[in-house]
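S.K.: Below is the structure I would like to discuss, written out as structure tokens.
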There are 2 protein chains.
Amino acid sequence: MNQASLPISTVREIRDQCLCLATQRAARLLARRFDRLFAPLGLTNGQFSMLVALSGQWKPRLGELADFLAMDSTTVTAAVKTLEKRGLVALMPDEADARVRRPALTDAGRVLVAQAVPLWRAEHGKLNAEMAPQDPTALAQILRQLG
Amino acid sequence: MNQASLPISTVREIRDQCLCLATQRAARLLARRFDRLFAPLGLTNGQFSMLVALSGQWKPRLGELADFLAMDSTTVTAAVKTLEKRGLVALMPDEADARVRRPALTDAGRVLVAQAVPLWRAEHGKLNAEMAPQDPTALAQILRQLG
DNA sequence: TCATTTTATATTGATATCAATCTAAAACAG
DNA sequence: CTGTTTTAGATTGATATCAATATAAAATGA
């Protein structure tokens, strides 16, 4: 009951090398940071990302949005429902395929995301400064290819 | 109702640069990957990380474990309770301070983590190969400093 | 000492996450 | 065409996550 279960070298190996652990850690820290940033607007970091994803000309179906966010599609269904209830997003039926529904920003959603972007820009500027001399965009690109 | 809410350059800026989004994406992908890997043992990626953290000589209090995992301490309380119910971890009272409780692996926990490590090593080897020529350990270190 | 503050953890309530499963529509095979 | 398979999405159930709050022990201060 007293000896370690693994060689100490193994514990160190996993602690120092495991990308899953390192990524979950960073994800939790950044999620909290941006959740607090957007809290005055009633948004979470994930809701902000989703609203931004819907702010271009791109009109994804739910499944495409799930791929973009690397979420399970059931998670997207639930998340969109929350935004829909708040009137930030509307679900539009597809003309060609009755199974498909495409989330789209409402006017209220557009107003809110426009308010959130300056907050994001200021906070992300701080974050970039903190991680110097690392290149944040390069890191983001590596992360996007990870999985 | 039809025009984009943000300049397209802003949408691209956030999509390409936001470390919060990039990290949440990667975290979800890796969580699913390692959850499936450990599923035959009845473990999630987070439970594996927690058991490994308790596999050294380190005997953290709950709050120290929370810091190590960058989790909220209430999340750790709940997660440890699940492991305790399964008999993988026991919560030991602290001699000097009655508020403090220290989670410790049980024999069953030791057996299970020893079974999980070879799975982790094989899968992480694949992951390392996939991200060549990036250095996975360097990436893990950057992520550990992020927040 | 005793009241106040701080610290460590637990509880509650809300959302996030995913696996497993379900329904309905579309695509396909014969 | 009709029966089967595939695809898109929704529902359910379990755990994860954190903010807000509560509790209880320790530390501090008058």
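Chain labels run A, B, ... following the order of the structure tokens; each chain numbers its residues from 1, and ligands are numbered from 1 in the order shown.
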Is it possible to see chain B as a short mmCIF file (atom, residue, chain, number, x, y, z; two decimals) with N, CA and C atoms, in the first residue's frame, once it has been laid onto chain A by a least-squares fit on every C-alpha atom in order?

M.R.:
```cif
data_model
loop_
_atom_site.label_atom_id
_atom_site.label_comp_id
_atom_site.auth_asym_id
_atom_site.auth_seq_id
_atom_site.Cartn_x
_atom_site.Cartn_y
_atom_site.Cartn_z
N MET B 1 0.81 -1.37 -0.11
CA MET B 1 -0.04 -0.16 -0.08
C MET B 1 0.78 1.11 -0.07
N ASN B 2 2.10 0.96 0.11
CA ASN B 2 2.88 2.18 0.27
C ASN B 2 3.78 2.50 -0.93
N GLN B 3 4.16 1.48 -1.66
CA GLN B 3 5.07 1.76 -2.78
C GLN B 3 4.30 2.38 -3.95
N ALA B 4 5.04 3.09 -4.77
CA ALA B 4 4.42 3.69 -5.95
C ALA B 4 4.01 2.58 -6.90
N SER B 5 2.92 2.85 -7.66
CA SER B 5 2.41 1.82 -8.54
C SER B 5 3.17 1.77 -9.85
N LEU B 6 3.82 2.85 -10.20
CA LEU B 6 4.53 2.93 -11.46
C LEU B 6 5.95 3.39 -11.18
N PRO B 7 6.89 2.99 -12.04
CA PRO B 7 8.23 3.57 -11.91
C PRO B 7 8.13 5.09 -11.99
N ILE B 8 8.93 5.74 -11.20
CA ILE B 8 8.85 7.20 -11.18
C ILE B 8 9.17 7.78 -12.56
N SER B 9 9.97 7.08 -13.31
CA SER B 9 10.30 7.56 -14.66
C SER B 9 9.05 7.55 -15.55
N THR B 10 8.18 6.59 -15.32
CA THR B 10 6.94 6.53 -16.11
C THR B 10 6.01 7.68 -15.74
N VAL B 11 5.92 7.94 -14.45
CA VAL B 11 5.07 9.06 -14.03
C VAL B 11 5.57 10.35 -14.66
N ARG B 12 6.88 10.55 -14.62
CA ARG B 12 7.45 11.76 -15.24
C ARG B 12 7.23 11.79 -16.74
N GLU B 13 7.39 10.63 -17.36
CA GLU B 13 7.21 10.55 -18.82
C GLU B 13 5.82 11.03 -19.21
N ILE B 14 4.81 10.53 -18.50
CA ILE B 14 3.44 10.89 -18.87
C ILE B 14 3.17 12.36 -18.51
N ARG B 15 3.62 12.75 -17.33
CA ARG B 15 3.41 14.13 -16.92
C ARG B 15 4.02 15.12 -17.92
N ASP B 16 5.20 14.80 -18.42
CA ASP B 16 5.91 15.76 -19.27
C ASP B 16 5.56 15.64 -20.75
N GLN B 17 5.07 14.48 -21.16
CA GLN B 17 4.90 14.26 -22.60
C GLN B 17 3.46 14.13 -23.04
N CYS B 18 2.55 13.82 -22.14
CA CYS B 18 1.19 13.50 -22.59
C CYS B 18 0.50 14.74 -23.16
N LEU B 19 0.26 14.70 -24.46
CA LEU B 19 -0.40 15.82 -25.12
C LEU B 19 -1.87 15.91 -24.75
N CYS B 20 -2.45 14.79 -24.42
CA CYS B 20 -3.86 14.83 -24.00
C CYS B 20 -3.98 15.61 -22.69
N LEU B 21 -3.19 15.24 -21.71
CA LEU B 21 -3.22 15.98 -20.45
C LEU B 21 -2.87 17.45 -20.65
N ALA B 22 -1.80 17.72 -21.38
CA ALA B 22 -1.37 19.11 -21.58
C ALA B 22 -2.47 19.93 -22.25
N THR B 23 -3.16 19.30 -23.19
CA THR B 23 -4.21 20.02 -23.91
C THR B 23 -5.45 20.23 -23.05
N GLN B 24 -5.83 19.22 -22.27
CA GLN B 24 -6.98 19.39 -21.38
C GLN B 24 -6.70 20.51 -20.37
N ARG B 25 -5.49 20.51 -19.84
CA ARG B 25 -5.10 21.56 -18.89
C ARG B 25 -5.25 22.95 -19.51
N ALA B 26 -4.63 23.11 -20.67
CA ALA B 26 -4.68 24.42 -21.32
C ALA B 26 -6.11 24.79 -21.69
N ALA B 27 -6.86 23.80 -22.13
CA ALA B 27 -8.25 24.07 -22.52
C ALA B 27 -9.06 24.56 -21.33
N ARG B 28 -8.84 23.94 -20.16
CA ARG B 28 -9.58 24.38 -18.98
C ARG B 28 -9.18 25.80 -18.59
N LEU B 29 -7.89 26.08 -18.60
CA LEU B 29 -7.44 27.41 -18.20
C LEU B 29 -7.97 28.48 -19.14
N LEU B 30 -7.88 28.21 -20.44
CA LEU B 30 -8.33 29.23 -21.39
C LEU B 30 -9.85 29.34 -21.38
N ALA B 31 -10.54 28.23 -21.19
CA ALA B 31 -12.00 28.30 -21.13
C ALA B 31 -12.43 29.19 -19.97
N ARG B 32 -11.82 28.98 -18.81
CA ARG B 32 -12.18 29.82 -17.67
C ARG B 32 -11.87 31.28 -17.95
N ARG B 33 -10.70 31.52 -18.53
CA ARG B 33 -10.29 32.90 -18.79
C ARG B 33 -11.27 33.61 -19.71
N PHE B 34 -11.66 32.95 -20.80
CA PHE B 34 -12.56 33.61 -21.75
C PHE B 34 -14.02 33.55 -21.30
N ASP B 35 -14.37 32.54 -20.53
CA ASP B 35 -15.72 32.54 -19.93
C ASP B 35 -15.90 33.77 -19.05
N ARG B 36 -14.88 34.07 -18.26
CA ARG B 36 -14.99 35.25 -17.38
C ARG B 36 -14.99 36.53 -18.18
N LEU B 37 -14.21 36.54 -19.24
CA LEU B 37 -14.18 37.73 -20.09
C LEU B 37 -15.55 38.05 -20.68
N PHE B 38 -16.21 37.00 -21.17
CA PHE B 38 -17.49 37.20 -21.85
C PHE B 38 -18.69 37.18 -20.90
N ALA B 39 -18.44 36.87 -19.64
CA ALA B 39 -19.56 36.74 -18.70
C ALA B 39 -20.47 37.97 -18.67
N PRO B 40 -19.92 39.20 -18.72
CA PRO B 40 -20.81 40.37 -18.73
C PRO B 40 -21.78 40.38 -19.90
N LEU B 41 -21.44 39.68 -20.98
CA LEU B 41 -22.36 39.60 -22.11
C LEU B 41 -23.25 38.35 -22.04
N GLY B 42 -23.05 37.55 -21.01
CA GLY B 42 -23.83 36.33 -20.91
C GLY B 42 -23.39 35.25 -21.87
N LEU B 43 -22.13 35.32 -22.31
CA LEU B 43 -21.63 34.33 -23.26
C LEU B 43 -20.52 33.49 -22.63
N THR B 44 -20.39 32.26 -23.08
CA THR B 44 -19.23 31.44 -22.75
C THR B 44 -18.26 31.48 -23.93
N ASN B 45 -17.06 30.97 -23.69
CA ASN B 45 -16.08 30.95 -24.78
C ASN B 45 -16.60 30.13 -25.96
N GLY B 46 -17.27 29.02 -25.66
CA GLY B 46 -17.76 28.17 -26.73
C GLY B 46 -18.89 28.82 -27.52
N GLN B 47 -19.74 29.56 -26.82
CA GLN B 47 -20.82 30.26 -27.52
C GLN B 47 -20.25 31.35 -28.41
N PHE B 48 -19.22 32.03 -27.91
CA PHE B 48 -18.55 33.05 -28.74
C PHE B 48 -18.01 32.42 -30.02
N SER B 49 -17.31 31.30 -29.88
CA SER B 49 -16.73 30.65 -31.06
C SER B 49 -17.82 30.26 -32.04
N MET B 50 -18.92 29.77 -31.51
CA MET B 50 -20.00 29.34 -32.38
C MET B 50 -20.63 30.53 -33.11
N LEU B 51 -20.83 31.62 -32.40
CA LEU B 51 -21.41 32.81 -33.04
C LEU B 51 -20.47 33.37 -34.11
N VAL B 52 -19.17 33.37 -33.81
CA VAL B 52 -18.22 33.85 -34.82
C VAL B 52 -18.26 32.95 -36.05
N ALA B 53 -18.34 31.64 -35.81
CA ALA B 53 -18.37 30.70 -36.94
C ALA B 53 -19.56 30.98 -37.86
N LEU B 54 -20.62 31.52 -37.29
CA LEU B 54 -21.83 31.80 -38.08
C LEU B 54 -21.86 33.22 -38.60
N SER B 55 -20.77 33.95 -38.41
CA SER B 55 -20.76 35.38 -38.76
C SER B 55 -20.26 35.65 -40.18
N GLY B 56 -19.80 34.65 -40.87
CA GLY B 56 -19.36 34.85 -42.24
C GLY B 56 -20.48 34.56 -43.23
N GLN B 57 -20.11 34.36 -44.50
CA GLN B 57 -21.15 34.00 -45.46
C GLN B 57 -21.46 32.52 -45.39
N TRP B 58 -20.61 31.80 -44.72
CA TRP B 58 -20.77 30.36 -44.60
C TRP B 58 -22.09 30.04 -43.91
N LYS B 59 -22.89 29.18 -44.50
CA LYS B 59 -24.15 28.76 -43.88
C LYS B 59 -24.11 27.26 -43.66
N PRO B 60 -23.42 26.83 -42.64
CA PRO B 60 -23.22 25.39 -42.45
C PRO B 60 -24.48 24.70 -41.97
N ARG B 61 -24.58 23.42 -42.26
CA ARG B 61 -25.54 22.58 -41.56
C ARG B 61 -24.99 22.28 -40.17
N LEU B 62 -25.83 21.72 -39.32
CA LEU B 62 -25.38 21.44 -37.95
C LEU B 62 -24.15 20.54 -37.95
N GLY B 63 -24.14 19.53 -38.80
CA GLY B 63 -23.01 18.61 -38.82
C GLY B 63 -21.72 19.27 -39.26
N GLU B 64 -21.83 20.20 -40.21
CA GLU B 64 -20.63 20.92 -40.66
C GLU B 64 -20.10 21.82 -39.55
N LEU B 65 -21.02 22.42 -38.82
CA LEU B 65 -20.59 23.24 -37.68
C LEU B 65 -19.89 22.38 -36.64
N ALA B 66 -20.43 21.18 -36.42
CA ALA B 66 -19.80 20.25 -35.47
C ALA B 66 -18.37 19.92 -35.91
N ASP B 67 -18.18 19.67 -37.20
CA ASP B 67 -16.83 19.38 -37.68
C ASP B 67 -15.91 20.57 -37.47
N PHE B 68 -16.40 21.75 -37.79
CA PHE B 68 -15.57 22.94 -37.63
C PHE B 68 -15.11 23.11 -36.19
N LEU B 69 -15.99 22.84 -35.25
CA LEU B 69 -15.66 23.00 -33.84
C LEU B 69 -15.08 21.73 -33.23
N ALA B 70 -15.01 20.67 -34.02
CA ALA B 70 -14.56 19.36 -33.52
C ALA B 70 -15.41 18.91 -32.34
N MET B 71 -16.68 19.22 -32.40
CA MET B 71 -17.62 18.76 -31.38
C MET B 71 -18.39 17.57 -31.91
N ASP B 72 -18.85 16.77 -30.98
CA ASP B 72 -19.85 15.77 -31.30
C ASP B 72 -21.11 16.50 -31.80
N SER B 73 -21.79 15.92 -32.78
CA SER B 73 -22.93 16.64 -33.34
C SER B 73 -24.05 16.77 -32.30
N THR B 74 -24.13 15.84 -31.35
CA THR B 74 -25.18 15.98 -30.35
C THR B 74 -24.89 17.16 -29.42
N THR B 75 -23.63 17.44 -29.21
CA THR B 75 -23.27 18.61 -28.40
C THR B 75 -23.68 19.89 -29.11
N VAL B 76 -23.47 19.90 -30.42
CA VAL B 76 -23.85 21.08 -31.19
C VAL B 76 -25.36 21.27 -31.16
N THR B 77 -26.09 20.19 -31.32
CA THR B 77 -27.55 20.29 -31.23
C THR B 77 -27.97 20.97 -29.94
N ALA B 78 -27.39 20.51 -28.82
CA ALA B 78 -27.75 21.08 -27.52
C ALA B 78 -27.31 22.53 -27.40
N ALA B 79 -26.10 22.82 -27.88
CA ALA B 79 -25.57 24.18 -27.74
C ALA B 79 -26.39 25.16 -28.58
N VAL B 80 -26.75 24.73 -29.77
CA VAL B 80 -27.54 25.61 -30.64
C VAL B 80 -28.91 25.85 -30.03
N LYS B 81 -29.45 24.83 -29.41
CA LYS B 81 -30.76 25.01 -28.79
C LYS B 81 -30.73 26.11 -27.73
N THR B 82 -29.65 26.13 -26.95
CA THR B 82 -29.51 27.19 -25.93
C THR B 82 -29.48 28.56 -26.60
N LEU B 83 -28.69 28.68 -27.66
CA LEU B 83 -28.60 29.98 -28.35
C LEU B 83 -29.93 30.34 -29.01
N GLU B 84 -30.64 29.32 -29.47
CA GLU B 84 -31.93 29.57 -30.10
C GLU B 84 -32.93 30.11 -29.07
N LYS B 85 -32.91 29.50 -27.88
CA LYS B 85 -33.83 29.95 -26.84
C LYS B 85 -33.57 31.41 -26.48
N ARG B 86 -32.29 31.81 -26.56
CA ARG B 86 -31.96 33.19 -26.24
C ARG B 86 -32.17 34.12 -27.43
N GLY B 87 -32.56 33.58 -28.54
CA GLY B 87 -32.87 34.42 -29.69
C GLY B 87 -31.65 34.91 -30.44
N LEU B 88 -30.51 34.23 -30.23
CA LEU B 88 -29.29 34.66 -30.92
C LEU B 88 -29.09 33.94 -32.24
N VAL B 89 -29.73 32.80 -32.38
CA VAL B 89 -29.58 31.95 -33.56
C VAL B 89 -30.96 31.45 -33.94
N ALA B 90 -31.18 31.29 -35.23
CA ALA B 90 -32.41 30.65 -35.71
C ALA B 90 -32.03 29.45 -36.56
N LEU B 91 -32.83 28.40 -36.47
CA LEU B 91 -32.56 27.18 -37.24
C LEU B 91 -33.41 27.20 -38.49
N MET B 92 -32.75 27.26 -39.65
CA MET B 92 -33.45 27.37 -40.91
C MET B 92 -33.51 26.01 -41.59
N PRO B 93 -34.70 25.60 -42.01
CA PRO B 93 -34.79 24.34 -42.76
C PRO B 93 -34.12 24.47 -44.11
N ASP B 94 -33.60 23.38 -44.60
CA ASP B 94 -32.97 23.36 -45.91
C ASP B 94 -34.01 23.11 -46.98
N GLU B 95 -33.88 23.81 -48.09
CA GLU B 95 -34.90 23.66 -49.14
C GLU B 95 -34.84 22.29 -49.79
N ALA B 96 -33.60 21.82 -50.02
CA ALA B 96 -33.45 20.60 -50.81
C ALA B 96 -33.57 19.32 -49.98
N ASP B 97 -33.22 19.39 -48.70
CA ASP B 97 -33.15 18.17 -47.89
C ASP B 97 -33.84 18.42 -46.56
N ALA B 98 -34.93 17.72 -46.34
CA ALA B 98 -35.76 18.00 -45.16
C ALA B 98 -35.10 17.59 -43.86
N ARG B 99 -34.02 16.80 -43.94
CA ARG B 99 -33.34 16.42 -42.70
C ARG B 99 -32.46 17.54 -42.17
N VAL B 100 -32.02 18.38 -43.10
CA VAL B 100 -30.97 19.35 -42.78
C VAL B 100 -31.55 20.62 -42.17
N ARG B 101 -30.85 21.11 -41.13
CA ARG B 101 -31.19 22.42 -40.59
C ARG B 101 -29.91 23.24 -40.47
N ARG B 102 -30.03 24.50 -40.84
CA ARG B 102 -28.85 25.36 -40.85
C ARG B 102 -29.03 26.47 -39.83
N PRO B 103 -28.12 26.54 -38.85
CA PRO B 103 -28.21 27.63 -37.87
C PRO B 103 -27.74 28.93 -38.50
N ALA B 104 -28.42 30.01 -38.18
CA ALA B 104 -28.05 31.33 -38.71
C ALA B 104 -28.22 32.38 -37.61
N LEU B 105 -27.33 33.34 -37.60
CA LEU B 105 -27.43 34.42 -36.62
C LEU B 105 -28.70 35.22 -36.82
N THR B 106 -29.31 35.61 -35.72
CA THR B 106 -30.38 36.61 -35.77
C THR B 106 -29.75 38.00 -35.65
N ASP B 107 -30.57 39.01 -35.77
CA ASP B 107 -30.07 40.37 -35.57
C ASP B 107 -29.47 40.52 -34.18
N ALA B 108 -30.18 39.97 -33.19
CA ALA B 108 -29.66 40.05 -31.81
C ALA B 108 -28.31 39.35 -31.70
N GLY B 109 -28.16 38.23 -32.39
CA GLY B 109 -26.89 37.53 -32.37
C GLY B 109 -25.79 38.35 -32.99
N ARG B 110 -26.12 39.02 -34.08
CA ARG B 110 -25.14 39.88 -34.75
C ARG B 110 -24.69 41.01 -33.84
N VAL B 111 -25.66 41.62 -33.15
CA VAL B 111 -25.32 42.72 -32.24
C VAL B 111 -24.38 42.22 -31.14
N LEU B 112 -24.71 41.05 -30.59
CA LEU B 112 -23.95 40.55 -29.45
C LEU B 112 -22.52 40.18 -29.85
N VAL B 113 -22.38 39.50 -30.96
CA VAL B 113 -21.03 39.09 -31.36
C VAL B 113 -20.17 40.32 -31.69
N ALA B 114 -20.82 41.34 -32.23
CA ALA B 114 -20.07 42.57 -32.51
C ALA B 114 -19.59 43.24 -31.23
N GLN B 115 -20.36 43.08 -30.15
CA GLN B 115 -19.90 43.61 -28.86
C GLN B 115 -18.77 42.77 -28.28
N ALA B 116 -18.80 41.47 -28.56
CA ALA B 116 -17.84 40.56 -27.94
C ALA B 116 -16.46 40.64 -28.59
N VAL B 117 -16.43 40.95 -29.87
CA VAL B 117 -15.15 40.90 -30.58
C VAL B 117 -14.10 41.85 -29.98
N PRO B 118 -14.44 43.07 -29.62
CA PRO B 118 -13.40 43.93 -29.02
C PRO B 118 -12.86 43.36 -27.71
N LEU B 119 -13.73 42.73 -26.91
CA LEU B 119 -13.24 42.09 -25.69
C LEU B 119 -12.25 40.98 -26.04
N TRP B 120 -12.63 40.17 -27.02
CA TRP B 120 -11.74 39.09 -27.44
C TRP B 120 -10.40 39.65 -27.89
N ARG B 121 -10.43 40.71 -28.69
CA ARG B 121 -9.19 41.24 -29.25
C ARG B 121 -8.26 41.73 -28.15
N ALA B 122 -8.84 42.40 -27.17
CA ALA B 122 -8.01 42.93 -26.08
C ALA B 122 -7.41 41.79 -25.26
N GLU B 123 -8.25 40.81 -24.93
CA GLU B 123 -7.76 39.72 -24.09
C GLU B 123 -6.76 38.85 -24.84
N HIS B 124 -7.03 38.61 -26.10
CA HIS B 124 -6.12 37.76 -26.86
C HIS B 124 -4.79 38.46 -27.09
N GLY B 125 -4.82 39.77 -27.17
CA GLY B 125 -3.58 40.52 -27.24
C GLY B 125 -2.72 40.30 -26.00
N LYS B 126 -3.39 40.34 -24.85
CA LYS B 126 -2.65 40.06 -23.61
C LYS B 126 -2.06 38.65 -23.62
N LEU B 127 -2.89 37.71 -24.05
CA LEU B 127 -2.44 36.32 -24.09
C LEU B 127 -1.24 36.17 -25.02
N ASN B 128 -1.31 36.79 -26.17
CA ASN B 128 -0.18 36.74 -27.09
C ASN B 128 1.08 37.28 -26.43
N ALA B 129 0.94 38.40 -25.72
CA ALA B 129 2.10 38.99 -25.07
C ALA B 129 2.67 38.05 -24.02
N GLU B 130 1.78 37.38 -23.30
CA GLU B 130 2.25 36.49 -22.24
C GLU B 130 3.05 35.31 -22.78
N MET B 131 2.74 34.87 -23.97
CA MET B 131 3.42 33.67 -24.45
C MET B 131 4.63 33.97 -25.34
N ALA B 132 5.00 35.22 -25.42
CA ALA B 132 6.22 35.54 -26.15
C ALA B 132 7.37 34.76 -25.54
N PRO B 133 8.33 34.28 -26.32
CA PRO B 133 8.49 34.55 -27.75
C PRO B 133 7.80 33.54 -28.65
N GLN B 134 6.91 32.72 -28.10
CA GLN B 134 6.18 31.78 -28.95
C GLN B 134 5.28 32.55 -29.92
N ASP B 135 5.11 31.98 -31.11
CA ASP B 135 4.22 32.58 -32.09
C ASP B 135 2.82 32.00 -31.91
N PRO B 136 1.87 32.80 -31.44
CA PRO B 136 0.53 32.26 -31.13
C PRO B 136 -0.18 31.70 -32.35
N THR B 137 -0.02 32.36 -33.50
CA THR B 137 -0.72 31.86 -34.68
C THR B 137 -0.15 30.51 -35.13
N ALA B 138 1.17 30.37 -35.00
CA ALA B 138 1.77 29.08 -35.34
C ALA B 138 1.26 28.00 -34.39
N LEU B 139 1.16 28.35 -33.12
CA LEU B 139 0.65 27.37 -32.15
C LEU B 139 -0.78 27.00 -32.48
N ALA B 140 -1.59 28.00 -32.81
CA ALA B 140 -2.99 27.72 -33.16
C ALA B 140 -3.05 26.76 -34.35
N GLN B 141 -2.15 26.97 -35.30
CA GLN B 141 -2.18 26.11 -36.48
C GLN B 141 -1.81 24.67 -36.13
N ILE B 142 -0.80 24.51 -35.30
CA ILE B 142 -0.43 23.16 -34.87
C ILE B 142 -1.60 22.50 -34.16
N LEU B 143 -2.24 23.25 -33.29
CA LEU B 143 -3.37 22.68 -32.54
C LEU B 143 -4.50 22.27 -33.47
N ARG B 144 -4.68 23.07 -34.52
CA ARG B 144 -5.79 22.75 -35.42
C ARG B 144 -5.53 21.45 -36.18
N GLN B 145 -4.25 21.11 -36.36
CA GLN B 145 -3.95 19.85 -37.05
C GLN B 145 -3.91 18.67 -36.10
N LEU B 146 -3.94 18.94 -34.83
CA LEU B 146 -3.81 17.88 -33.83
C LEU B 146 -5.10 17.09 -33.75
N GLY B 147 -5.00 15.84 -33.41
CA GLY B 147 -6.22 15.08 -33.17
C GLY B 147 -5.96 13.60 -33.45
#
```

S.K.: Could you find all residues in chain B that DSSP calls alpha helix (DSSP H) from the backbone, and write them as a PyMOL selection string?

M.R.: chain B and resi 8-17+19-38+45-53+62-69+73-85+107-130+136-145

S.K.: Would you work out the distance separating atom C1' of DT2 of chain D from atom C1' of DC28 of chain C, expressed in Å to one decimal?

M.R.: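 One can read the atom C1' of DT2 of chain D to atom C1' of DC28 of chain C distance as 11.6 Å.
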
S.K.: Using atom C1' of DA8 of chain D and atom C1' of DC18 of chain C as the two end points, give the distance in Å to one decimal.

M.R.: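 Computing the Euclidean distance for atom C1' of DA8 of chain D and atom C1' of DC18 of chain C yields 17.5 Å.
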
S.K.: Using only C-alpha atoms (C1' of nucleotides), which residues of chain C come within 9 Å of chain A, and what is the closest atom pair for each, with the distance in Å to one decimal? Give it as CSV, sorted by chain and residue number.

M.R.:
```
residue,atom,partner,partner_atom,distance
C:DT15,C1',A:Ala79,CA,8.8
C:DA16,C1',A:Thr75,CA,7.4
C:DT17,C1',A:Thr75,CA,6.5
C:DC18,C1',A:Asp72,CA,6.7
C:DA24,C1',A:Arg99,CA,7.5
C:DA25,C1',A:Arg99,CA,5.8
C:DA26,C1',A:Asp97,CA,7.8
```

S.K.: Using only C-alpha atoms (C1' of nucleotides), I'd like every residue of chain D that has an atom within 12 Å of chain B; please write them out as a PyMOL selection string.

M.R.: chain D and resi 14-20+23-27

S.K.: Please extract the residues of segment 5-140 of chain A with a backbone DSSP assignment of strand (DSSP E) and present them as a PyMOL selection string.

M.R.: chain A and resi 89-93+101-105

S.K.: Would you list the contacts of DG29 of chain D as a list in words, taking every protein, DNA or RNA residue within 10 Å and counting only C-alpha atoms (C1' of nucleotides), but skipping same-chain residues closer than 6 positions in sequence?

M.R.: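 Here the qualifying residues turn out to be DA3, DT4 and DT5 of chain C.
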
S.K.: Which residues, written as a list in words, have at least one atom at most 10 Å from DT12 of chain D, with only C-alpha atoms (C1' of nucleotides) counted and residues fewer than 4 positions away on the same chain left out?

M.R.: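 That gives DA20, DT21 and DC22 of chain C.
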
S.K.: What is the distance, in Å and to one decimal place, between atom C1' of DA10 of chain D and atom C1' of DG13 of chain C?

M.R.: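 According to the coordinates, atom C1' of DA10 of chain D and atom C1' of DG13 of chain C are separated by 24.5 Å.
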